[in-house]
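Q: Next comes the structure file coords_5.csv, holding CSV, C-alpha atoms.
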```csv
chain,number,residue,atom,x,y,z
A,1,MET,CA,-156.9,-35.7,-112.3
A,2,SER,CA,-154.1,-35.4,-109.9
A,3,ARG,CA,-151.7,-35.8,-112.8
A,4,ARG,CA,-153.2,-32.8,-114.7
A,5,LEU,CA,-153.0,-30.7,-111.5
A,6,SER,CA,-149.3,-31.5,-111.0
A,7,LEU,CA,-148.5,-30.6,-114.6
A,8,ARG,CA,-150.4,-27.3,-114.3
A,9,LYS,CA,-148.6,-26.5,-111.1
A,10,ALA,CA,-145.3,-27.1,-112.8
A,11,ALA,CA,-146.3,-24.9,-115.7
A,12,LEU,CA,-147.3,-22.1,-113.4
A,13,ALA,CA,-144.1,-22.5,-111.5
A,14,GLY,CA,-142.2,-22.2,-114.8
A,15,VAL,CA,-144.1,-19.1,-115.8
A,16,GLY,CA,-143.3,-17.5,-112.4
A,17,PHE,CA,-139.7,-18.3,-112.7
A,18,ALA,CA,-139.5,-16.8,-116.2
A,19,ALA,CA,-141.3,-13.7,-115.0
A,20,LEU,CA,-138.9,-13.4,-112.0
A,21,LEU,CA,-135.9,-13.9,-114.4
A,22,SER,CA,-137.2,-11.2,-116.8
A,23,VAL,CA,-137.6,-8.8,-113.9
A,24,GLY,CA,-134.1,-9.5,-112.7
A,25,THR,CA,-132.7,-9.0,-116.2
A,26,ALA,CA,-134.5,-5.7,-116.6
A,27,HIS,CA,-133.2,-4.5,-113.2
A,28,ALA,CA,-129.6,-5.5,-114.2
A,29,GLN,CA,-129.9,-3.7,-117.6
A,30,SER,CA,-131.3,-0.6,-115.8
A,31,ALA,CA,-128.3,-0.7,-113.4
A,32,ASP,CA,-125.8,-1.0,-116.3
A,33,THR,CA,-127.5,1.8,-118.2
A,34,ASP,CA,-127.3,4.1,-115.1
A,35,GLU,CA,-123.6,3.1,-114.7
A,36,ILE,CA,-122.9,3.9,-118.3
A,37,GLU,CA,-124.7,7.3,-118.1
A,38,THR,CA,-122.7,8.1,-114.9
A,39,THR,CA,-119.4,7.2,-116.6
A,40,ALA,CA,-120.4,9.4,-119.6
A,41,ASP,CA,-121.2,12.3,-117.3
A,42,GLU,CA,-117.9,11.9,-115.5
A,43,ALA,CA,-116.1,11.7,-118.9
A,44,GLN,CA,-117.8,15.0,-120.0
A,45,GLN,CA,-116.5,16.7,-116.8
A,46,VAL,CA,-112.9,16.1,-117.9
A,47,ASP,CA,-111.8,19.3,-119.7
A,48,GLU,CA,-108.4,18.2,-121.0
A,49,ILE,CA,-106.0,15.3,-120.8
A,50,VAL,CA,-102.3,16.3,-121.1
A,51,VAL,CA,-99.7,13.6,-121.8
A,52,VAL,CA,-96.3,14.5,-120.3
A,53,GLY,CA,-92.9,13.0,-120.1
A,54,THR,CA,-91.2,10.9,-122.8
A,55,ARG,CA,-94.6,9.8,-124.3
A,56,GLY,CA,-95.7,13.4,-124.6
A,57,SER,CA,-92.4,14.5,-126.1
A,58,ILE,CA,-92.7,11.9,-128.8
A,59,ALA,CA,-96.3,12.7,-129.5
A,60,ARG,CA,-95.5,16.4,-130.0
A,61,ALA,CA,-92.6,15.5,-132.3
A,62,VAL,CA,-94.8,13.2,-134.4
A,63,GLY,CA,-97.5,15.9,-134.6
A,64,LEU,CA,-95.0,18.5,-135.9
A,65,LYS,CA,-93.7,16.1,-138.5
A,66,ARG,CA,-97.2,15.2,-139.6
A,67,GLU,CA,-98.3,18.8,-140.0
A,68,SER,CA,-95.2,20.0,-141.8
A,69,GLY,CA,-95.5,20.8,-145.5
A,70,THR,CA,-92.0,19.5,-146.3
A,71,VAL,CA,-89.6,16.7,-145.2
A,72,GLN,CA,-89.0,17.4,-141.6
A,73,ASP,CA,-88.0,15.7,-138.3
A,74,SER,CA,-88.5,17.2,-134.9
A,75,ILE,CA,-87.6,16.7,-131.3
A,76,SER,CA,-89.3,18.2,-128.3
A,77,ALA,CA,-88.5,18.8,-124.7
A,78,LEU,CA,-89.8,16.4,-122.1
A,79,GLU,CA,-91.0,19.2,-119.8
A,80,LEU,CA,-90.4,22.9,-119.3
A,81,GLY,CA,-86.6,23.3,-119.2
A,82,MET,CA,-85.9,19.6,-119.7
A,83,PHE,CA,-84.5,18.4,-123.0
A,84,PRO,CA,-83.7,14.7,-123.7
A,85,ASP,CA,-79.9,15.4,-123.6
A,86,ASP,CA,-77.7,18.0,-122.0
A,87,ASN,CA,-76.4,19.1,-125.4
A,88,VAL,CA,-78.6,20.1,-128.3
A,89,ALA,CA,-76.3,18.4,-130.8
A,90,ASP,CA,-76.5,15.1,-128.9
A,91,SER,CA,-80.3,15.2,-129.1
A,92,LEU,CA,-80.2,16.0,-132.9
A,93,SER,CA,-77.9,13.0,-133.4
A,94,HIS,CA,-81.0,10.7,-132.7
A,95,ILE,CA,-82.6,11.9,-135.9
A,96,THR,CA,-82.2,9.9,-139.1
A,97,GLY,CA,-79.7,11.5,-141.5
A,98,VAL,CA,-78.1,13.7,-138.8
A,99,SER,CA,-74.5,13.1,-137.6
A,100,ILE,CA,-72.4,15.2,-135.2
A,101,SER,CA,-68.7,15.8,-134.5
A,102,ARG,CA,-67.5,16.1,-130.9
A,103,THR,CA,-65.0,18.1,-128.9
A,104,ALA,CA,-62.1,16.7,-127.0
A,105,GLY,CA,-64.3,16.4,-124.0
A,106,GLY,CA,-67.0,14.3,-125.9
A,107,GLU,CA,-69.6,17.0,-126.3
A,108,GLY,CA,-71.5,17.3,-129.6
A,109,GLN,CA,-70.4,20.4,-131.4
A,110,SER,CA,-71.0,20.5,-135.2
A,111,VAL,CA,-74.0,19.0,-137.0
A,112,SER,CA,-74.1,17.5,-140.5
A,113,VAL,CA,-77.3,16.7,-142.3
A,114,ARG,CA,-77.7,14.1,-145.1
A,115,GLY,CA,-73.9,13.4,-145.3
A,116,LEU,CA,-72.9,17.0,-146.1
A,117,GLY,CA,-70.6,18.9,-143.8
A,118,PRO,CA,-71.7,21.4,-141.1
A,119,GLU,CA,-70.7,24.2,-143.4
A,120,TYR,CA,-73.7,23.3,-145.6
A,121,THR,CA,-76.2,23.4,-142.6
A,122,VAL,CA,-77.9,26.6,-141.5
A,123,SER,CA,-78.9,27.0,-137.9
A,124,THR,CA,-81.6,29.4,-136.8
A,125,PHE,CA,-83.2,30.3,-133.4
A,126,ASN,CA,-87.0,31.0,-133.7
A,127,GLY,CA,-86.4,31.5,-137.4
A,128,ARG,CA,-83.4,33.9,-137.1
A,129,ILE,CA,-79.9,32.9,-138.2
A,130,LEU,CA,-77.6,32.2,-135.3
A,131,ALA,CA,-74.2,33.8,-135.2
A,132,THR,CA,-71.2,31.5,-135.6
A,133,ASP,CA,-67.7,31.7,-134.1
A,134,GLY,CA,-66.0,31.3,-137.4
A,135,ALA,CA,-66.1,32.4,-141.0
A,136,GLY,CA,-68.4,29.6,-142.1
A,137,ARG,CA,-72.0,28.7,-141.5
A,138,ASP,CA,-71.4,25.9,-139.1
A,139,PHE,CA,-72.7,26.7,-135.6
A,140,ALA,CA,-71.0,25.4,-132.5
A,141,TYR,CA,-73.8,23.8,-130.5
A,142,ASP,CA,-71.7,23.3,-127.4
A,143,VAL,CA,-72.2,27.0,-126.8
A,144,LEU,CA,-75.9,26.6,-126.4
A,145,PRO,CA,-77.3,24.7,-123.3
A,146,SER,CA,-80.3,22.6,-124.1
A,147,ASP,CA,-82.3,24.0,-121.1
A,148,VAL,CA,-83.1,27.2,-122.9
A,149,ILE,CA,-85.0,25.7,-125.9
A,150,SER,CA,-88.2,23.6,-126.1
A,151,GLY,CA,-87.5,21.8,-129.4
A,152,ALA,CA,-85.7,21.6,-132.7
A,153,ASP,CA,-86.8,21.0,-136.2
A,154,VAL,CA,-84.5,19.5,-138.9
A,155,ILE,CA,-85.9,20.6,-142.2
A,156,LYS,CA,-84.5,18.6,-145.1
A,157,GLY,CA,-86.7,19.9,-147.9
A,158,ALA,CA,-87.0,23.3,-149.6
A,159,GLU,CA,-89.8,25.6,-148.6
A,160,ALA,CA,-90.4,29.3,-149.5
A,161,ALA,CA,-91.1,30.2,-145.9
A,162,ASN,CA,-87.7,29.0,-144.6
A,163,THR,CA,-84.4,30.8,-144.5
A,164,GLU,CA,-82.4,30.2,-147.7
A,165,GLY,CA,-78.9,28.9,-148.0
A,166,ALA,CA,-79.2,25.4,-146.4
A,167,ILE,CA,-77.9,22.7,-148.8
A,168,GLY,CA,-77.7,19.8,-146.3
A,169,GLY,CA,-80.6,21.0,-144.1
A,170,LEU,CA,-82.0,23.7,-142.0
A,171,ILE,CA,-82.1,23.3,-138.2
A,172,ASN,CA,-84.5,25.7,-136.4
A,173,LEU,CA,-84.3,25.8,-132.6
A,174,ARG,CA,-87.5,26.8,-130.8
A,175,SER,CA,-87.6,28.6,-127.4
A,176,ALA,CA,-90.4,27.8,-125.0
A,177,SER,CA,-93.5,30.0,-124.9
A,178,PRO,CA,-95.3,31.1,-121.7
A,179,PHE,CA,-98.6,29.9,-123.4
A,180,ASP,CA,-97.3,26.3,-123.7
A,181,GLN,CA,-98.4,25.9,-120.1
A,182,ARG,CA,-100.7,28.8,-119.0
A,183,GLY,CA,-100.4,30.1,-115.5
A,184,GLN,CA,-97.4,30.2,-113.2
A,185,HIS,CA,-94.8,27.5,-113.5
A,186,GLY,CA,-91.2,27.2,-112.5
A,187,ILE,CA,-88.4,24.7,-112.3
A,188,ILE,CA,-85.0,24.6,-110.8
A,189,ARG,CA,-82.5,21.9,-111.6
A,190,VAL,CA,-79.2,21.3,-109.8
A,191,GLU,CA,-76.8,18.7,-111.2
A,192,GLY,CA,-73.4,17.4,-110.4
A,193,ASP,CA,-71.0,14.9,-111.9
A,194,ARG,CA,-67.9,13.1,-110.9
A,195,ASN,CA,-65.4,11.4,-113.3
A,196,GLN,CA,-63.7,8.6,-111.5
A,197,MET,CA,-61.0,8.2,-114.1
A,198,SER,CA,-59.9,11.9,-114.3
A,199,GLU,CA,-61.1,12.7,-110.7
A,200,LEU,CA,-62.6,15.9,-112.0
A,201,ASP,CA,-66.0,17.3,-110.9
A,202,GLY,CA,-68.7,19.4,-112.6
A,203,SER,CA,-71.8,21.2,-111.6
A,204,LYS,CA,-74.8,22.8,-113.3
A,205,LEU,CA,-77.7,25.1,-112.2
A,206,SER,CA,-80.6,25.9,-114.5
A,207,ALA,CA,-83.9,27.7,-113.7
A,208,VAL,CA,-87.0,28.6,-115.7
A,209,TYR,CA,-89.9,30.7,-114.7
A,210,SER,CA,-93.1,31.2,-116.7
A,211,ASN,CA,-96.4,33.0,-116.0
A,212,THR,CA,-99.4,34.5,-117.9
A,213,PHE,CA,-101.3,37.6,-116.8
A,214,PHE,CA,-104.4,39.7,-117.7
A,215,ASP,CA,-106.7,36.8,-118.4
A,216,ASP,CA,-104.0,34.8,-120.2
A,217,THR,CA,-103.4,37.5,-122.8
A,218,PHE,CA,-99.8,38.4,-121.8
A,219,GLY,CA,-97.1,36.0,-121.0
A,220,LEU,CA,-93.5,36.1,-119.7
A,221,ILE,CA,-90.8,33.4,-119.5
A,222,LEU,CA,-87.3,33.7,-118.1
A,223,GLY,CA,-84.4,31.2,-118.1
A,224,VAL,CA,-80.9,31.0,-116.8
A,225,VAL,CA,-78.2,28.3,-117.0
A,226,SER,CA,-74.8,28.3,-115.3
A,227,GLU,CA,-72.5,25.3,-115.8
A,228,ARG,CA,-68.9,24.5,-114.9
A,229,ARG,CA,-67.3,21.3,-116.0
A,230,ASP,CA,-63.7,20.1,-116.1
A,231,ASP,CA,-62.8,17.6,-118.9
A,232,ARG,CA,-59.7,15.5,-119.4
A,233,SER,CA,-59.0,13.7,-122.7
A,234,ASP,CA,-56.1,11.2,-122.9
A,235,VAL,CA,-54.6,10.8,-126.4
A,236,ALA,CA,-52.2,8.4,-128.0
A,237,GLY,CA,-50.9,8.3,-131.5
A,238,ASN,CA,-48.3,7.0,-133.9
A,239,ASP,CA,-47.3,10.1,-135.8
A,240,GLY,CA,-43.9,8.8,-136.8
A,241,GLY,CA,-45.3,5.9,-138.8
A,242,TRP,CA,-44.0,2.4,-138.8
A,243,THR,CA,-40.6,0.8,-139.6
A,244,ARG,CA,-40.8,-2.0,-142.1
A,245,ASN,CA,-38.2,-4.3,-143.7
A,246,PRO,CA,-38.1,-4.7,-147.4
A,247,ASP,CA,-39.8,-7.8,-149.0
A,248,PRO,CA,-38.1,-9.1,-152.2
A,249,THR,CA,-41.1,-11.2,-152.8
A,250,ASP,CA,-43.5,-8.2,-152.9
A,251,GLU,CA,-43.1,-5.9,-155.8
A,252,SER,CA,-44.9,-3.1,-154.0
A,253,TRP,CA,-42.4,-3.2,-151.1
A,254,LEU,CA,-39.0,-4.0,-152.5
A,255,TRP,CA,-37.3,-1.4,-150.3
A,256,GLY,CA,-37.9,-0.9,-146.6
A,257,ASN,CA,-38.1,2.4,-144.7
A,258,ALA,CA,-35.9,1.5,-141.7
A,259,TRP,CA,-34.0,4.5,-140.6
A,260,GLY,CA,-31.1,2.8,-138.9
A,261,GLY,CA,-30.9,-0.4,-140.9
A,262,ASN,CA,-33.3,-3.4,-141.3
A,263,ILE,CA,-34.8,-4.8,-138.2
A,264,ASP,CA,-32.6,-7.8,-137.3
A,265,PRO,CA,-33.9,-9.9,-134.5
A,266,ASN,CA,-31.1,-12.5,-134.7
A,267,GLY,CA,-28.4,-9.9,-135.0
A,268,ASN,CA,-26.6,-11.6,-137.9
A,269,GLY,CA,-26.5,-8.4,-140.0
A,270,GLU,CA,-28.5,-10.0,-142.9
A,271,LEU,CA,-32.0,-9.9,-144.1
A,272,ASP,CA,-33.3,-13.4,-143.6
A,273,VAL,CA,-36.5,-14.9,-145.1
A,274,GLU,CA,-38.4,-14.8,-141.8
A,275,GLU,CA,-37.5,-11.1,-141.6
A,276,TYR,CA,-39.1,-10.1,-144.9
A,277,GLY,CA,-41.6,-7.3,-144.4
A,278,LEU,CA,-41.1,-7.3,-140.6
A,279,ILE,CA,-42.9,-4.3,-139.0
A,280,GLY,CA,-41.9,-2.4,-135.9
A,281,PRO,CA,-42.9,0.9,-134.3
A,282,GLY,CA,-41.2,4.1,-135.4
A,283,GLN,CA,-42.4,6.8,-133.0
A,284,PHE,CA,-45.5,7.2,-130.8
A,285,ARG,CA,-46.8,9.8,-128.4
A,286,VAL,CA,-49.1,9.9,-125.3
A,287,GLY,CA,-50.6,12.9,-123.6
A,288,SER,CA,-53.6,14.6,-122.1
A,289,ILE,CA,-55.8,17.6,-122.9
A,290,LEU,CA,-57.3,19.4,-119.9
A,291,GLU,CA,-60.3,21.7,-120.5
A,292,GLU,CA,-62.2,23.9,-118.0
A,293,LYS,CA,-65.6,24.8,-119.4
A,294,LYS,CA,-67.6,27.7,-118.0
A,295,ARG,CA,-71.0,28.2,-119.7
A,296,THR,CA,-73.7,30.7,-119.0
A,297,ALA,CA,-76.9,31.4,-120.9
A,298,TYR,CA,-79.9,33.8,-120.4
A,299,THR,CA,-83.1,33.8,-122.3
A,300,ALA,CA,-86.3,35.8,-122.0
A,301,LYS,CA,-89.6,36.0,-124.0
A,302,LEU,CA,-92.5,38.4,-123.8
A,303,GLU,CA,-95.7,37.4,-125.6
A,304,TRP,CA,-98.9,39.3,-126.1
A,305,ARG,CA,-102.0,37.6,-127.5
A,306,PRO,CA,-105.0,39.9,-127.1
A,307,THR,CA,-107.0,37.9,-129.7
A,308,ASP,CA,-106.8,34.6,-131.5
A,309,ASN,CA,-105.6,36.3,-134.7
A,310,PHE,CA,-102.9,38.6,-133.2
A,311,ARG,CA,-99.6,37.7,-131.5
A,312,LEU,CA,-96.7,40.0,-130.6
A,313,VAL,CA,-93.5,38.3,-129.5
A,314,VAL,CA,-90.2,39.9,-128.2
A,315,ASP,CA,-87.5,37.4,-127.2
A,316,GLY,CA,-83.8,37.3,-126.7
A,317,LEU,CA,-80.9,34.9,-126.1
A,318,SER,CA,-77.5,35.5,-124.6
A,319,THR,CA,-74.9,32.7,-124.2
A,320,LYS,CA,-71.2,32.6,-123.4
A,321,LEU,CA,-68.7,29.7,-123.3
A,322,ASP,CA,-65.2,30.0,-121.9
A,323,SER,CA,-63.2,26.8,-122.7
A,324,PRO,CA,-59.5,27.2,-122.2
A,325,GLN,CA,-57.4,24.1,-123.0
A,326,VAL,CA,-54.0,23.0,-121.8
A,327,GLY,CA,-52.3,20.1,-123.5
A,328,TYR,CA,-49.4,17.9,-122.3
A,329,GLN,CA,-47.7,15.4,-124.6
A,330,GLN,CA,-44.7,13.1,-124.5
A,331,SER,CA,-43.2,11.5,-127.6
A,332,PHE,CA,-41.1,8.4,-127.7
A,333,TYR,CA,-38.7,7.9,-130.7
A,334,THR,CA,-38.3,4.1,-130.9
A,335,LEU,CA,-36.6,3.9,-134.3
A,336,TYR,CA,-34.7,0.8,-134.8
A,337,ALA,CA,-30.9,0.9,-134.9
A,338,PRO,CA,-28.3,-1.9,-134.7
A,339,GLY,CA,-27.7,-2.7,-131.0
A,340,ARG,CA,-30.6,-0.5,-129.9
A,341,TRP,CA,-33.3,-3.2,-129.6
A,342,SER,CA,-33.0,-6.4,-127.8
A,343,ASN,CA,-35.3,-9.3,-126.5
A,344,MET,CA,-37.7,-8.7,-129.4
A,345,VAL,CA,-41.0,-10.6,-129.4
A,346,ILE,CA,-42.6,-11.1,-132.9
A,347,ASN,CA,-46.2,-12.1,-133.5
A,348,ASP,CA,-47.6,-12.4,-137.1
A,349,GLY,CA,-44.7,-10.4,-138.6
A,350,ILE,CA,-45.0,-7.5,-136.1
A,351,VAL,CA,-42.6,-6.6,-133.3
A,352,THR,CA,-44.9,-6.4,-130.3
A,353,SER,CA,-42.3,-6.1,-127.5
A,354,PHE,CA,-38.6,-5.2,-127.1
A,355,ASP,CA,-36.1,-3.7,-124.8
A,356,MET,CA,-34.4,-0.4,-125.8
A,357,ALA,CA,-31.1,0.2,-124.1
A,358,ASN,CA,-30.1,3.5,-125.8
A,359,PRO,CA,-32.7,6.2,-125.9
A,360,ASP,CA,-30.8,8.2,-128.5
A,361,PRO,CA,-31.4,7.0,-132.1
```
Now, as a test, write the supplied structure out as structure tokens.
A:
Amino acid sequence: MSRRLSLRKAALAGVGFAALLSVGTAHAQSADTDEIETTADEAQQVDEIVVVGTRGSIARAVGLKRESGTVQDSISALELGMFPDDNVADSLSHITGVSISRTAGGEGQSVSVRGLGPEYTVSTFNGRILATDGAGRDFAYDVLPSDVISGADVIKGAEAANTEGAIGGLINLRSASPFDQRGQHGIIRVEGDRNQMSELDGSKLSAVYSNTFFDDTFGLILGVVSERRDDRSDVAGNDGGWTRNPDPTDESWLWGNAWGGNIDPNGNGELDVEEYGLIGPGQFRVGSILEEKKRTAYTAKLEWRPTDNFRLVVDGLSTKLDSPQVGYQQSFYTLYAPGRWSNMVINDGIVTSFDMANPDP
């Protein structure tokens, strides 16, 4: 009898524990459900999530490429008035199939698309052809600061809506819109640089102001850039070619081009076997190019959007670049002549060092 009672008590205890466990589980599920509903409510309260910075720039560029009806690559500014590079051409060089040529100071200037020269590339600003500083179509991008544009599209395929005449590609530069970021926004950037090799300084000031009015139906954006930079480019060259002894064992070089006689390290007046095809310098030059760049740019855009189906835009761009250059060069005529060279050092058939007693050849 006592045995049955103990088993029954144990069974009742087990039922009570199960009931308690089920109540606890139901309470936990209720708490989790309330938490999920609260999180959902909070998520519904978020109106818009805007990704900015480098990730936002890449996302916008990918979206433009995806929505394009032809072969196109795009780049986008990081923020208002902030382009990935100081020069538009430098930013375009990151795109596949685009190469650039640079000025003496290292700035990107001309843009080539798909291996064709810059004269086969058409550049536009908001769909309008940009004026060039020469007779060709190639646009000098060093005139245009990157702060005044919000993006650029490199269109490599043909499309009826685009400006005709581009064989290599069409590059369309886009200016920022006040409706990109509604409301009042402004940015001022002050930059400075110091070149430790040339000991030259540079400075740059850029400012952008944007605002929308009348219930976000009218927008205005203004931009200004003022930049001054001094560049120095050191150059060296071998315009006079090389002096080379003849080589009777080489049919392509049976006669040398030495101006004052064959290079004769041992001074015996004869062309020895070890002197066959011996190479020495003919003339070389060194110099520097100094450039003082002063660049200013102004941009403005007025935009009216009274309805979703109507948009009126008036915009303008003015840019100016003063870039006078002064070059200095010194040439050395080191042509070989008997008795002019001494103490010659030869490595692998090339005269790498010598003393020159008479400067007059």
Q: From the set A:Ser76, A:Ser203, A:Asn268, A:Asn257, which residue has the shortest atom-to-atom contact distance to A:Pro338, counting only C-alpha atoms?
A: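 Checking each of A:Ser76, A:Ser203, A:Asn268, A:Asn257 against A:Pro338, counting only C-alpha atoms, the winner is A:Asn268.
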Q: Could you pull the residues within 6 Å of stretch 149-153 of chain A, counting only C-alpha atoms, minus those fewer than 6 positions along the same chain, as a CSV table (one decimal) with C-alpha atoms, keeping the file's coordinate frame?
A:
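For reference, result_8.csv as written:
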```csv
chain,number,residue,atom,x,y,z
A,73,ASP,CA,-88.0,15.7,-138.3
A,74,SER,CA,-88.5,17.2,-134.9
A,75,ILE,CA,-87.6,16.7,-131.3
A,76,SER,CA,-89.3,18.2,-128.3
A,77,ALA,CA,-88.5,18.8,-124.7
A,171,ILE,CA,-82.1,23.3,-138.2
A,172,ASN,CA,-84.5,25.7,-136.4
A,173,LEU,CA,-84.3,25.8,-132.6
A,174,ARG,CA,-87.5,26.8,-130.8
A,175,SER,CA,-87.6,28.6,-127.4
A,176,ALA,CA,-90.4,27.8,-125.0
```
Q: Using all atoms listed in the file for the distances, tell me which of A:Ile129, A:Met356, A:Ile167, A:Leu116 is nearest to A:Arg340.
A: A:Met356
Q: Atom CA of A:Arg229 and atom CA of A:Arg285 are how many Å apart?
A: 26.6 Å
Q: Go ahead and compute the interatomic distance for atom CA of A:Thr319 and atom CA of A:Leu144, in Å to one decimal.
A: 6.6 Å
Q: Atom CA of A:Tyr298 to atom CA of A:Gly127: how many Å, to one decimal?
A: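 Computing the Euclidean distance for atom CA of A:Tyr298 and atom CA of A:Gly127 yields 18.3 Å.
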Q: List as a list of chain:residue names the protein and nucleic acid residues near A:Ser99, meaning an atom at most 9 Å away when all atoms listed in the file are counted, but skip any in the same chain fewer than 5 places from it.
A: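 After dropping sequence-adjacent residues, the list is A:Ala89, A:Leu92, A:Ser93, A:His94, A:Ser110, A:Val111, A:Ser112, A:Val113, A:Arg114, A:Gly115.
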Q: Counting only C-alpha atoms, which residues sit no farther than 8 Å from the position (-103.6, 31.8, -121.2) in the file's frame? I'd like them as a PyMOL selection string.
A: chain A and resi 179+181-183+212-213+215-219
Q: Anything within 9 Å of (-68.5, 15.1, -111.7): list those residues as JSON, numbers by chain, counting all atoms listed in the file and sticking to the file's coordinates.
A: {"A": [192, 193, 194, 195, 196, 199, 200, 201, 202, 203, 229, 230]}
Q: Residues as selected, C-alpha atoms, written as a short mmCIF file (atom, residue, chain, number, x, y, z; two decimals), in the frame of the given file, can you do that?
A:
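The resulting result.cif:
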```cif
data_model
loop_
_atom_site.label_atom_id
_atom_site.label_comp_id
_atom_site.auth_asym_id
_atom_site.auth_seq_id
_atom_site.Cartn_x
_atom_site.Cartn_y
_atom_site.Cartn_z
CA GLY A 192 -73.40 17.40 -110.40
CA ASP A 193 -71.00 14.90 -111.90
CA ARG A 194 -67.90 13.10 -110.90
CA ASN A 195 -65.40 11.40 -113.30
CA GLN A 196 -63.70 8.60 -111.50
CA GLU A 199 -61.10 12.70 -110.70
CA LEU A 200 -62.60 15.90 -112.00
CA ASP A 201 -66.00 17.30 -110.90
CA GLY A 202 -68.70 19.40 -112.60
CA SER A 203 -71.80 21.20 -111.60
CA ARG A 229 -67.30 21.30 -116.00
CA ASP A 230 -63.70 20.10 -116.10
#
```
Q: Work out where the centre of an axis-aligned box around every listed atom of stretch 99-105 of chain A lies and how long its edges are once 8 Å is added on each side; give both in Å to one decimal as AutoDock Vina command-line options.
A:
```
--center_x -68.3 --center_y 15.6 --center_z -130.8 --size_x 28.4 --size_y 21.0 --size_z 29.6
```
Q: Calculated over all atoms listed in the file, which of the candidates A:Ser233, A:Thr103, A:Ser342, A:Ser123 has the smallest distance to A:Pro265?
A: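 Of A:Ser233, A:Thr103, A:Ser342, A:Ser123, the one nearest A:Pro265, counting all atoms listed in the file, is A:Ser342.
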